[in-house]
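Colleague: TSV, C-alpha atoms, file entry-v9.tsv:
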chain	number	residue	atom	x	y	z
A	1	MET	CA	88.24	-70.70	-67.21
A	2	ILE	CA	88.29	-67.92	-64.61
A	3	VAL	CA	86.43	-68.53	-61.36
A	4	ASN	CA	86.14	-65.67	-58.87
A	5	GLY	CA	89.12	-64.00	-60.45
A	6	THR	CA	91.37	-67.05	-60.41
A	7	SER	CA	92.41	-68.95	-63.49
A	8	GLN	CA	91.56	-72.66	-63.57
A	9	THR	CA	91.99	-75.32	-66.21
A	10	LEU	CA	88.91	-77.15	-67.35
A	11	PRO	CA	90.17	-80.65	-68.24
A	12	THR	CA	86.85	-81.90	-69.55
A	13	SER	CA	83.47	-80.51	-70.33
A	14	ILE	CA	81.43	-80.19	-67.16
A	15	THR	CA	78.05	-78.80	-66.14
A	16	VAL	CA	77.67	-76.00	-63.63
A	17	ALA	CA	76.07	-78.51	-61.25
A	18	ASP	CA	79.01	-80.89	-61.46
A	19	TYR	CA	81.54	-78.07	-61.15
A	20	LEU	CA	79.85	-76.83	-57.99
A	21	ALA	CA	79.84	-80.34	-56.54
A	22	THR	CA	83.53	-80.91	-57.26
A	23	ALA	CA	84.41	-77.49	-55.86
A	24	GLY	CA	82.51	-78.25	-52.64
A	25	TYR	CA	79.57	-75.85	-53.02
A	26	GLN	CA	75.95	-76.68	-52.20
A	27	SER	CA	73.91	-75.63	-55.20
A	28	THR	CA	71.13	-74.17	-53.02
A	29	ARG	CA	73.57	-71.84	-51.29
A	30	VAL	CA	75.15	-70.15	-54.30
A	31	VAL	CA	74.37	-67.68	-57.04
A	32	VAL	CA	76.32	-68.26	-60.24
A	33	GLU	CA	77.12	-65.62	-62.81
A	34	ARG	CA	78.61	-66.87	-66.07
A	35	ASN	CA	79.98	-64.31	-68.48
A	36	ARG	CA	78.07	-61.56	-66.69
A	37	THR	CA	74.70	-63.36	-66.82
A	38	ILE	CA	73.07	-65.17	-63.90
A	39	VAL	CA	72.66	-68.90	-64.46
A	40	PRO	CA	69.33	-69.83	-62.84
A	41	ARG	CA	69.51	-72.75	-60.40
A	42	SER	CA	67.04	-74.61	-62.62
A	43	GLU	CA	69.68	-74.59	-65.38
A	44	PHE	CA	72.71	-75.73	-63.36
A	45	GLU	CA	72.42	-79.29	-64.66
A	46	SER	CA	71.92	-78.26	-68.27
A	47	THR	CA	74.57	-75.55	-68.58
A	48	TRP	CA	77.93	-76.80	-69.85
A	49	LEU	CA	80.99	-74.74	-69.02
A	50	LEU	CA	83.59	-73.70	-71.59
A	51	ASP	CA	87.27	-73.06	-71.07
A	52	THR	CA	86.69	-69.46	-72.10
A	53	ASP	CA	84.08	-68.80	-69.42
A	54	THR	CA	84.38	-66.33	-66.57
A	55	LEU	CA	82.42	-67.41	-63.51
A	56	GLU	CA	81.52	-65.54	-60.34
A	57	ILE	CA	80.24	-67.88	-57.66
A	58	VAL	CA	78.62	-66.04	-54.76
A	59	HIS	CA	78.43	-68.34	-51.76
A	60	PHE	CA	76.13	-67.72	-48.78
A	61	VAL	CA	76.51	-68.78	-45.17
A	62	GLY	CA	73.68	-68.67	-42.69
A	63	GLY	CA	73.05	-66.20	-39.93
A	64	GLY	CA	71.06	-63.01	-39.62
B	65	MET	CA	68.36	-10.54	-43.56
B	66	HIS	CA	65.90	-13.45	-43.63
B	67	ILE	CA	65.63	-16.31	-41.18
B	68	THR	CA	62.89	-18.81	-40.42
B	69	LEU	CA	61.40	-19.18	-36.97
B	70	ASN	CA	59.28	-22.29	-36.45
B	71	GLY	CA	58.78	-22.49	-40.19
B	72	GLN	CA	57.88	-18.84	-40.74
B	73	THR	CA	60.17	-16.59	-42.74
B	74	LEU	CA	61.06	-13.36	-40.92
B	75	ASP	CA	62.95	-10.25	-41.86
B	76	VAL	CA	65.41	-9.47	-39.04
B	77	ALA	CA	68.11	-6.86	-38.56
B	78	THR	CA	71.67	-7.79	-39.50
B	79	GLY	CA	73.50	-8.76	-36.31
B	80	ALA	CA	70.37	-9.94	-34.53
B	81	SER	CA	70.99	-12.70	-32.02
B	82	ALA	CA	69.04	-15.90	-31.53
B	83	LEU	CA	67.68	-14.83	-28.13
B	84	ASP	CA	66.75	-11.38	-29.48
B	85	VAL	CA	64.49	-13.00	-32.03
B	86	LEU	CA	63.04	-15.55	-29.63
B	87	SER	CA	62.26	-12.83	-27.07
B	88	LYS	CA	60.60	-10.67	-29.67
B	89	TYR	CA	58.19	-13.50	-30.43
B	90	ASN	CA	57.74	-14.56	-26.78
B	91	LEU	CA	59.47	-17.88	-27.36
B	92	GLN	CA	62.46	-17.36	-25.07
B	93	ALA	CA	60.90	-19.45	-22.31
B	94	THR	CA	60.37	-22.56	-24.42
B	95	SER	CA	62.50	-25.49	-23.27
B	96	LEU	CA	64.12	-26.50	-26.59
B	97	HIS	CA	65.91	-24.01	-28.80
B	98	LEU	CA	67.55	-25.19	-32.02
B	99	LEU	CA	69.64	-23.17	-34.45
B	100	ASN	CA	69.94	-24.95	-37.81
B	101	GLY	CA	68.81	-28.12	-36.06
B	102	PHE	CA	71.36	-28.03	-33.24
B	103	SER	CA	71.02	-27.00	-29.58
B	104	PHE	CA	73.03	-23.95	-28.68
B	105	GLN	CA	74.46	-22.46	-25.52
B	106	ASP	CA	75.20	-18.73	-25.25
B	107	ASN	CA	73.49	-16.44	-27.68
B	108	PRO	CA	74.75	-16.89	-31.23
B	109	CYS	CA	74.49	-14.16	-33.83
B	110	LEU	CA	72.20	-15.08	-36.66
B	111	GLN	CA	73.20	-15.25	-40.31
B	112	ASP	CA	71.06	-14.88	-43.40
B	113	GLY	CA	69.17	-18.12	-44.08
B	114	ASP	CA	69.39	-19.48	-40.52
B	115	THR	CA	66.60	-21.62	-39.11
B	116	LEU	CA	65.42	-21.21	-35.53
B	117	ILE	CA	63.12	-23.66	-33.81
B	118	ALA	CA	61.68	-23.06	-30.36
B	119	ARG	CA	59.38	-25.64	-28.82
B	120	SER	CA	58.73	-27.62	-25.71
B	121	VAL	CA	61.38	-30.27	-25.15
B	122	THR	CA	58.78	-32.79	-23.95
B	123	GLU	CA	56.32	-32.33	-26.76
B	124	ALA	CA	56.39	-34.85	-29.62
B	125	PRO	CA	56.34	-32.95	-32.90
B	126	ASP	CA	53.71	-33.13	-35.59
B	127	GLU	CA	54.94	-34.07	-39.04
B	128	ALA	CA	55.65	-30.52	-40.19
B	129	ALA	CA	57.67	-29.74	-37.06
B	130	TYR	CA	59.50	-33.09	-37.31
B	131	ASP	CA	60.46	-32.42	-40.93
B	132	ALA	CA	61.58	-28.87	-40.06
B	133	ILE	CA	63.97	-30.14	-37.42
B	134	TRP	CA	65.71	-32.62	-39.72
B	135	GLU	CA	65.76	-30.27	-42.69
B	136	ALA	CA	67.46	-27.72	-40.47
B	137	ARG	CA	69.95	-30.31	-39.26
B	138	TYR	CA	70.77	-32.24	-42.46
B	139	GLY	CA	69.84	-29.65	-45.03
B	140	GLN	CA	66.71	-29.76	-47.11
B	141	ARG	CA	68.23	-31.69	-50.01
B	142	ILE	CA	69.44	-34.63	-47.97
B	143	TYR	CA	66.33	-34.83	-45.83
B	144	GLN	CA	64.01	-34.70	-48.84
B	145	ILE	CA	65.95	-37.51	-50.52
B	146	LEU	CA	65.52	-39.64	-47.38
B	147	LYS	CA	61.88	-38.77	-46.95
B	148	HIS	CA	61.08	-39.70	-50.54
B	149	SER	CA	62.88	-43.05	-50.34
B	150	ARG	CA	61.20	-46.42	-50.05
B	151	VAL	CA	63.10	-49.53	-49.02
B	152	ALA	CA	62.15	-53.19	-48.64
B	153	ILE	CA	63.79	-55.24	-45.89
B	154	CYS	CA	63.55	-59.01	-46.26
B	155	GLY	CA	63.83	-60.44	-42.75
B	156	ALA	CA	63.12	-58.76	-39.43
B	157	GLY	CA	65.66	-60.59	-37.30
B	158	GLY	CA	69.08	-59.62	-36.11
B	159	LEU	CA	69.94	-57.77	-39.28
B	160	GLY	CA	66.52	-56.60	-40.45
B	161	SER	CA	65.24	-55.20	-37.16
B	162	HIS	CA	68.36	-53.08	-36.67
B	163	ILE	CA	68.43	-51.92	-40.29
B	164	ALA	CA	64.80	-50.85	-39.90
B	165	MET	CA	65.58	-48.93	-36.70
B	166	SER	CA	68.43	-46.96	-38.20
B	167	LEU	CA	66.58	-46.11	-41.42
B	168	THR	CA	63.60	-45.02	-39.33
B	169	ARG	CA	65.79	-42.69	-37.31
B	170	LEU	CA	67.04	-41.21	-40.60
B	171	GLY	CA	63.50	-40.26	-41.53
B	172	ILE	CA	63.10	-42.70	-44.43
B	173	GLY	CA	59.75	-42.25	-46.16
B	174	GLU	CA	58.56	-45.85	-46.50
B	175	LEU	CA	59.63	-49.27	-45.30
B	176	THR	CA	58.26	-52.66	-46.28
B	177	ILE	CA	59.34	-55.34	-43.83
B	178	ILE	CA	58.77	-59.04	-44.46
B	179	ASP	CA	59.23	-61.90	-41.98
B	180	LYS	CA	57.27	-65.04	-41.11
B	181	ASP	CA	58.45	-65.42	-37.51
B	182	ILE	CA	57.15	-64.49	-34.08
B	183	VAL	CA	59.33	-63.05	-31.34
B	184	ASP	CA	60.78	-65.54	-28.85
B	185	ILE	CA	63.15	-65.05	-25.94
B	186	THR	CA	66.21	-66.25	-27.88
B	187	ASN	CA	65.74	-63.38	-30.34
B	188	LEU	CA	66.48	-60.82	-27.62
B	189	GLY	CA	70.12	-61.89	-27.73
B	190	ARG	CA	70.60	-59.75	-30.83
B	191	GLN	CA	67.35	-58.47	-32.29
B	192	ALA	CA	65.68	-55.13	-31.54
B	193	TYR	CA	62.71	-56.64	-29.69
B	194	GLU	CA	61.72	-56.34	-26.04
B	195	LEU	CA	60.13	-58.65	-23.47
B	196	SER	CA	56.70	-57.16	-24.14
B	197	ASP	CA	57.02	-58.37	-27.76
B	198	LEU	CA	57.27	-62.08	-26.93
B	199	GLY	CA	54.84	-64.13	-29.02
B	200	LYS	CA	54.02	-61.33	-31.43
B	201	PRO	CA	54.77	-61.52	-35.17
B	202	LYS	CA	58.09	-59.76	-35.57
B	203	VAL	CA	56.85	-57.42	-38.28
B	204	ILE	CA	53.97	-56.26	-36.08
B	205	ALA	CA	56.19	-55.72	-33.04
B	206	LEU	CA	58.75	-53.94	-35.19
B	207	LYS	CA	56.23	-51.61	-36.78
B	208	ALA	CA	55.07	-50.51	-33.32
B	209	LEU	CA	58.64	-50.02	-32.15
B	210	LEU	CA	59.53	-47.97	-35.22
B	211	HIS	CA	56.48	-45.75	-34.77
B	212	ARG	CA	57.49	-45.00	-31.19
B	213	ILE	CA	60.64	-43.49	-32.67
B	214	ASN	CA	59.27	-41.86	-35.84
B	215	PRO	CA	55.52	-42.00	-36.28
B	216	PHE	CA	55.76	-40.56	-39.79
B	217	VAL	CA	57.53	-43.45	-41.54
B	218	LYS	CA	55.05	-45.51	-43.55
B	219	VAL	CA	55.58	-49.13	-42.57
B	220	THR	CA	54.07	-52.04	-44.48
B	221	ALA	CA	54.45	-55.09	-42.24
B	222	ILE	CA	54.17	-58.41	-44.07
B	223	HIS	CA	53.88	-61.48	-41.88
B	224	ASP	CA	54.53	-64.08	-44.56
B	225	THR	CA	57.16	-66.34	-46.11
B	226	ILE	CA	58.54	-65.00	-49.35
B	227	ASP	CA	59.96	-67.05	-52.18
B	228	ALA	CA	59.83	-67.22	-55.96
B	229	HIS	CA	56.04	-67.70	-55.78
B	230	ASN	CA	55.40	-64.31	-54.25
B	231	TYR	CA	58.47	-62.05	-54.46
B	232	ASP	CA	56.64	-60.06	-57.14
B	233	ASP	CA	53.70	-59.48	-54.78
B	234	TYR	CA	55.85	-57.45	-52.42
B	235	LEU	CA	59.19	-56.43	-53.94
B	236	ILE	CA	58.52	-54.95	-57.38
B	237	GLY	CA	59.54	-51.33	-57.86
B	238	PHE	CA	61.93	-50.84	-54.93
B	239	PRO	CA	65.13	-49.09	-55.96
B	240	TYR	CA	66.81	-50.67	-52.90
B	241	ILE	CA	66.17	-54.00	-51.21
B	242	LEU	CA	68.00	-55.11	-48.07
B	243	GLU	CA	68.45	-58.88	-47.74
B	244	ALA	CA	68.39	-59.75	-44.05
B	245	PHE	CA	67.47	-63.42	-44.07
B	246	ASP	CA	68.93	-66.09	-41.80
B	247	ALA	CA	68.97	-69.24	-43.95
B	248	PRO	CA	71.62	-69.35	-46.70
B	249	GLU	CA	69.16	-70.95	-49.12
B	250	ASN	CA	66.79	-67.99	-48.72
B	251	LYS	CA	69.66	-65.55	-49.20
B	252	ALA	CA	70.74	-67.30	-52.40
B	253	ALA	CA	67.20	-67.58	-53.78
B	254	LEU	CA	66.33	-63.93	-53.17
B	255	THR	CA	69.67	-62.72	-54.53
B	256	GLU	CA	69.32	-64.77	-57.72
B	257	TYR	CA	65.76	-63.57	-58.26
B	258	VAL	CA	66.40	-59.87	-57.66
B	259	ILE	CA	69.50	-59.74	-59.86
B	260	THR	CA	67.72	-61.63	-62.64
B	261	HIS	CA	64.29	-59.95	-62.56
B	262	TYR	CA	64.80	-56.45	-61.13
B	263	PRO	CA	67.67	-54.91	-63.08
B	264	ASN	CA	66.96	-51.44	-61.67
B	265	THR	CA	67.14	-52.58	-58.05
B	266	THR	CA	70.25	-52.49	-55.90
B	267	LEU	CA	70.37	-55.36	-53.40
B	268	ILE	CA	72.44	-55.12	-50.22
B	269	GLY	CA	72.70	-58.45	-48.42
B	270	ALA	CA	74.80	-60.26	-45.86
B	271	SER	CA	76.83	-63.43	-45.50
B	272	GLY	CA	79.02	-64.26	-42.51
B	273	VAL	CA	77.81	-62.23	-39.52
B	274	SER	CA	78.45	-64.75	-36.74
B	275	GLY	CA	81.08	-65.15	-34.03
B	276	TYR	CA	83.33	-62.77	-32.18
B	277	ASP	CA	86.19	-62.08	-34.55
B	278	GLU	CA	87.54	-58.56	-34.35
B	279	PRO	CA	85.23	-56.02	-35.99
B	280	ASN	CA	87.50	-54.97	-38.85
B	281	THR	CA	86.95	-58.34	-40.53
B	282	VAL	CA	83.44	-57.17	-41.46
B	283	LYS	CA	83.42	-55.59	-44.92
B	284	THR	CA	80.78	-54.52	-47.41
B	285	LYS	CA	81.84	-55.37	-50.94
B	286	GLN	CA	80.31	-54.83	-54.34
B	287	ILE	CA	80.07	-58.41	-55.57
B	288	LEU	CA	78.06	-57.83	-58.77
B	289	PRO	CA	77.01	-54.54	-60.40
B	290	GLN	CA	73.72	-54.35	-58.48
B	291	TYR	CA	74.62	-56.50	-55.47
B	292	TYR	CA	76.58	-55.58	-52.35
B	293	GLN	CA	77.38	-58.00	-49.54
B	294	THR	CA	78.21	-57.33	-45.90
B	295	GLY	CA	80.00	-59.71	-43.58
B	296	ASP	CA	83.17	-61.71	-43.46
B	297	GLY	CA	81.84	-64.12	-46.05
B	298	HIS	CA	82.57	-67.26	-44.08
B	299	SER	CA	81.49	-67.30	-40.41
B	300	GLU	CA	78.69	-69.85	-40.14
B	301	SER	CA	75.86	-69.35	-37.68
B	302	SER	CA	77.10	-72.35	-35.69
B	303	LEU	CA	79.66	-69.91	-34.29
B	304	GLY	CA	76.84	-68.04	-32.59
B	305	LEU	CA	74.98	-64.89	-33.52
B	306	LEU	CA	76.16	-62.32	-31.02
B	307	ALA	CA	74.65	-58.87	-30.65
B	308	PRO	CA	77.62	-56.58	-31.25
B	309	ARG	CA	78.75	-58.21	-34.49
B	310	VAL	CA	75.22	-58.69	-35.81
B	311	MET	CA	74.43	-55.04	-35.06
B	312	LEU	CA	77.69	-54.04	-36.75
B	313	CYS	CA	76.70	-55.93	-39.89
B	314	ALA	CA	73.21	-54.42	-39.86
B	315	ALA	CA	74.77	-50.97	-39.55
B	316	HIS	CA	77.13	-51.77	-42.41
B	317	GLN	CA	74.21	-52.66	-44.67
B	318	ALA	CA	72.27	-49.54	-43.66
B	319	THR	CA	75.37	-47.37	-44.11
B	320	MET	CA	76.03	-48.73	-47.58
B	321	PHE	CA	72.40	-48.03	-48.49
B	322	LEU	CA	72.72	-44.46	-47.19
B	323	HIS	CA	75.99	-43.95	-49.06
B	324	LEU	CA	74.62	-45.25	-52.37
B	325	LEU	CA	71.34	-43.36	-52.04
B	326	LEU	CA	72.86	-39.99	-51.26
B	327	THR	CA	75.86	-40.15	-53.60
B	328	LYS	CA	73.69	-41.29	-56.49
B	329	GLU	CA	70.93	-38.72	-55.88
B	330	MET	CA	73.30	-35.86	-55.27
B	331	SER	CA	75.39	-36.60	-58.34
B	332	HIS	CA	72.28	-35.59	-60.30
B	333	ASP	CA	72.16	-32.19	-58.62
B	334	ASN	CA	73.26	-28.90	-60.13
B	335	ASN	CA	76.07	-26.99	-58.48
B	336	CYS	CA	74.03	-25.06	-55.97
B	337	THR	CA	75.09	-24.40	-52.42
B	338	SER	CA	72.96	-25.88	-49.68
B	339	LYS	CA	72.74	-24.72	-46.09
B	340	SER	CA	73.66	-28.17	-44.86
B	341	ASN	CA	77.36	-27.60	-44.67
B	342	ARG	CA	77.53	-24.81	-42.08
With the file now loaded, output its structure as structure tokens.
Modeller:
Amino acid sequence: MIVNGTSQTLPTSITVADYLATAGYQSTRVVVERNRTIVPRSEFESTWLLDTDTLEIVHFVGGG
Amino acid sequence: MHITLNGQTLDVATGASALDVLSKYNLQATSLHLLNGFSFQDNPCLQDGDTLIARSVTEAPDEAAYDAIWEARYGQRIYQILKHSRVAICGAGGLGSHIAMSLTRLGIGELTIIDKDIVDITNLGRQAYELSDLGKPKVIALKALLHRINPFVKVTAIHDTIDAHNYDDYLIGFPYILEAFDAPENKAALTEYVITHYPNTTLIGASGVSGYDEPNTVKTKQILPQYYQTGDGHSESSLGLLAPRVMLCAAHQATMFLHLLLTKEMSHDNNCTSKSNR
């Protein structure tokens, strides 16, 4: 699996929600693109990642 | 050869000077003289296609005179692109208020500005507001401020919270949206919605505008095909939102918008020479 340009091994099947949690992201502060399609936040818990996936995780910090 | 004087096309002798022409039309005593949109000293010789403007320096222009000045200065093509543009700015705080000011100075045609807040004293540490604005809805105060600079920009001021329930009420049909929110959840929600539902819209947002790191750590990157992001990507607001860096980020967003707008529009043009590059 490629995440933000970096290769990572996916040892077991995992949902987007769980991946975000293990990687330290708050799900309300990210936008996730999987294989060039946005995964809506409402589908984080029901979308299972594959080893062949390419993810872009856009993370937001506050201030403006 | 032909020149324009205060919008009127005139036939003048080759080699005529600016002051010759102004004197002939009794305009030499006016207090502001512009050749192709710029003040001049001395007495330049005119060239075919030049634009002369002579008016009172203290007098605010009407719309036709205002447009003539910027067309002379930027060239008609660029100015008309700006004047026909409409942009939505989500957030009227440190980023949004400064983005709005700079686009207004450009002569943008229409702005929609959305924010739920009122102005308080802490905002003056980085936002474009003044003491006389305290207690007013930001979008109302901002509209008035913008019109004191350029009365011809159409401003739609929306004093409301926006989220998935009402994005479509305000944001449909904008080729460019500037994300200028404060809370990261609002940034994420708007970004997800715009990318998913408005495939023809380019979104320019921000993440990481706080602190006092040196300015070259601020970048604007294309993150996704229709999404650009300004900031350093990591400085949390707990580091403090400080005017110079916040204004730098706002200017970055506005500059990226200007770059995308003009390069995209002008790549559609034929190969004709404009007067803008004298």
Colleague: When distances are computed from only C-alpha atoms, which of A:Ser46, A:Thr15, A:Asn4, A:Thr54 shows the smallest separation from chain B?
Modeller: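 Selected residue with least distance to chain B: A:Asn4.
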Colleague: Which residue is closest to Arg41 (chain A)? Choose from A:Glu56, A:Val16, A:Val61, A:Tyr25 and count only C-alpha atoms.
Modeller: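 That would be A:Val16, the residue with the smallest distance to Arg41 (chain A).
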Colleague: Just the residues within 12 Å of region 101-110 of chain B, please, counting only C-alpha atoms, with nothing from its chain fewer than 5 positions along; format it as a PyMOL selection string.
Modeller: chain B and resi 65-70+75-87+92+95-96+115-119+121+129-140+339-340+342
Colleague: Of the residues B:Ile177, B:Ala307, B:Met330, B:Leu98, which is the one nearest to chain A, using only C-alpha atoms?
Modeller: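 Among B:Ile177, B:Ala307, B:Met330, B:Leu98, it is B:Ala307 that comes nearest to chain A.
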Colleague: Quick one: distance from CA of Ile226 (chain B) to CA of Ile268 (chain B) in Å, one decimal?
Modeller: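 So the answer is 17.1 Å.
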Colleague: Per residue of chain B within 6 Å of chain A, record the nearest atom pair and its distance in Å to one decimal, counting all atoms listed in the file, with rows in chain order and ascending residue number, as a Markdown table.
Modeller:
| residue | atom | partner | partner_atom | distance |
| --- | --- | --- | --- | --- |
| B:Gly158 | CA | A:Gly64 | CA | 5.3 |
| B:Leu159 | CA | A:Gly64 | CA | 5.4 |
| B:Phe245 | CA | A:Gly64 | CA | 5.7 |
| B:Asp246 | CA | A:Gly64 | CA | 4.3 |
| B:Ala247 | CA | A:Gly62 | CA | 4.9 |
| B:Pro248 | CA | A:Gly62 | CA | 4.6 |
| B:Glu249 | CA | A:Arg29 | CA | 5.0 |
| B:Ala252 | CA | A:Arg29 | CA | 5.5 |
| B:Glu256 | CA | A:Val31 | CA | 5.9 |
| B:Ser271 | CA | A:Val61 | CA | 5.4 |
| B:Gly272 | CA | A:Val61 | CA | 5.8 |
| B:Glu300 | CA | A:Val61 | CA | 5.6 |
| B:Ser301 | CA | A:Gly63 | CA | 4.8 |
Colleague: Please measure the separation of CA of Thr284 (chain B) and CA of Gln8 (chain A), giving the value in Å to one decimal.
Modeller: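 It comes out at 26.6 Å.
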Colleague: Using all atoms listed in the file, which residues sit within 10 Å of Trp48 (chain A) once same-chain residues fewer than 4 positions away are excluded, as a ChimeraX atom specification?
Modeller: /A:13-19,43-44
Colleague: Can you work out which one of B:Thr327, B:Thr186, B:Thr225, B:Gln317 has the shortest atom-to-atom distance to Arg141 (chain B), counting only C-alpha atoms?
Modeller: B:Thr327
Colleague: Report the distance between CA of Asp224 (chain B) and CA of Leu303 (chain B) in Å, rounded to one decimal place.
Modeller: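 Distance reported for this atom pair: 27.8 Å.
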Colleague: When you count all atoms listed in the file, which of these residues is closest to Leu55 (chain A): A:Ser7, A:Thr22, A:Asn35, A:Ser42?
Modeller: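 Residue with the minimum atom-to-atom distance to Leu55 (chain A): A:Asn35.
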Colleague: Kindly extract all protein, DNA and RNA residues lying within 8 Å of the coordinates (63.4, -53.8, -41.2) given in the file, considering all atoms listed in the file, and supply them as a list in words.
Modeller: Ala152, Ile153, Cys154, Gly155, Ala156, Leu159, Gly160, Ser161, His162, Ile163, Ala164, Met165, Leu175, Thr176, Ile177, Ile178 and Leu206 of chain B
Colleague: Counting all atoms listed in the file, I want the residues whose atoms come within 12 Å of (56.4, -41.8, -41.7) in the file frame, returned as a CSV table (one decimal) with C-alpha atoms, in the coordinates of the input.
Modeller:
chain,number,residue,atom,x,y,z
B,126,ASP,CA,53.7,-33.1,-35.6
B,127,GLU,CA,54.9,-34.1,-39.0
B,128,ALA,CA,55.6,-30.5,-40.2
B,130,TYR,CA,59.5,-33.1,-37.3
B,131,ASP,CA,60.5,-32.4,-40.9
B,146,LEU,CA,65.5,-39.6,-47.4
B,147,LYS,CA,61.9,-38.8,-47.0
B,148,HIS,CA,61.1,-39.7,-50.5
B,149,SER,CA,62.9,-43.0,-50.3
B,150,ARG,CA,61.2,-46.4,-50.0
B,167,LEU,CA,66.6,-46.1,-41.4
B,168,THR,CA,63.6,-45.0,-39.3
B,169,ARG,CA,65.8,-42.7,-37.3
B,170,LEU,CA,67.0,-41.2,-40.6
B,171,GLY,CA,63.5,-40.3,-41.5
B,172,ILE,CA,63.1,-42.7,-44.4
B,173,GLY,CA,59.8,-42.2,-46.2
B,174,GLU,CA,58.6,-45.8,-46.5
B,175,LEU,CA,59.6,-49.3,-45.3
B,176,THR,CA,58.3,-52.7,-46.3
B,207,LYS,CA,56.2,-51.6,-36.8
B,210,LEU,CA,59.5,-48.0,-35.2
B,211,HIS,CA,56.5,-45.8,-34.8
B,212,ARG,CA,57.5,-45.0,-31.2
B,213,ILE,CA,60.6,-43.5,-32.7
B,214,ASN,CA,59.3,-41.9,-35.8
B,215,PRO,CA,55.5,-42.0,-36.3
B,216,PHE,CA,55.8,-40.6,-39.8
B,217,VAL,CA,57.5,-43.4,-41.5
B,218,LYS,CA,55.0,-45.5,-43.6
B,219,VAL,CA,55.6,-49.1,-42.6
B,220,THR,CA,54.1,-52.0,-44.5
Colleague: Applying 12 Å and all atoms listed in the file, which residues near Asn280 (chain B) remain after dropping the ones on its own chain fewer than 5 positions away? List them as a PDB file with C-alpha atoms, keeping the file's coordinate frame.
Modeller:
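After the write, around-v9.pdb holds the following:
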ATOM      1  CA  THR B 294      78.210 -57.330 -45.900  1.00  0.00           C
ATOM      2  CA  GLY B 295      80.000 -59.710 -43.580  1.00  0.00           C
ATOM      3  CA  ASP B 296      83.170 -61.710 -43.460  1.00  0.00           C
ATOM      4  CA  ARG B 309      78.750 -58.210 -34.490  1.00  0.00           C
ATOM      5  CA  LEU B 312      77.690 -54.040 -36.750  1.00  0.00           C
ATOM      6  CA  CYS B 313      76.700 -55.930 -39.890  1.00  0.00           C
ATOM      7  CA  HIS B 316      77.130 -51.770 -42.410  1.00  0.00           C
TER       8      HIS B 316
END
Colleague: Write out as a list in words each polymer residue whose atoms come within 10 Å of Thr12 (chain A), counting all atoms listed in the file; drop sequence neighbours fewer than 3 positions from it.
Modeller: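 My reading of the contact set: Thr9, Thr15, Leu49, Leu50 and Asp51 of chain A.
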Colleague: Measuring between all atoms listed in the file, which one of B:Ala192, B:Ala253, B:Met320, B:Asp233 shows the shortest distance to Lys285 (chain B)?
Modeller: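 Checking each of B:Ala192, B:Ala253, B:Met320, B:Asp233 against Lys285 (chain B), counting all atoms listed in the file, the winner is B:Met320.
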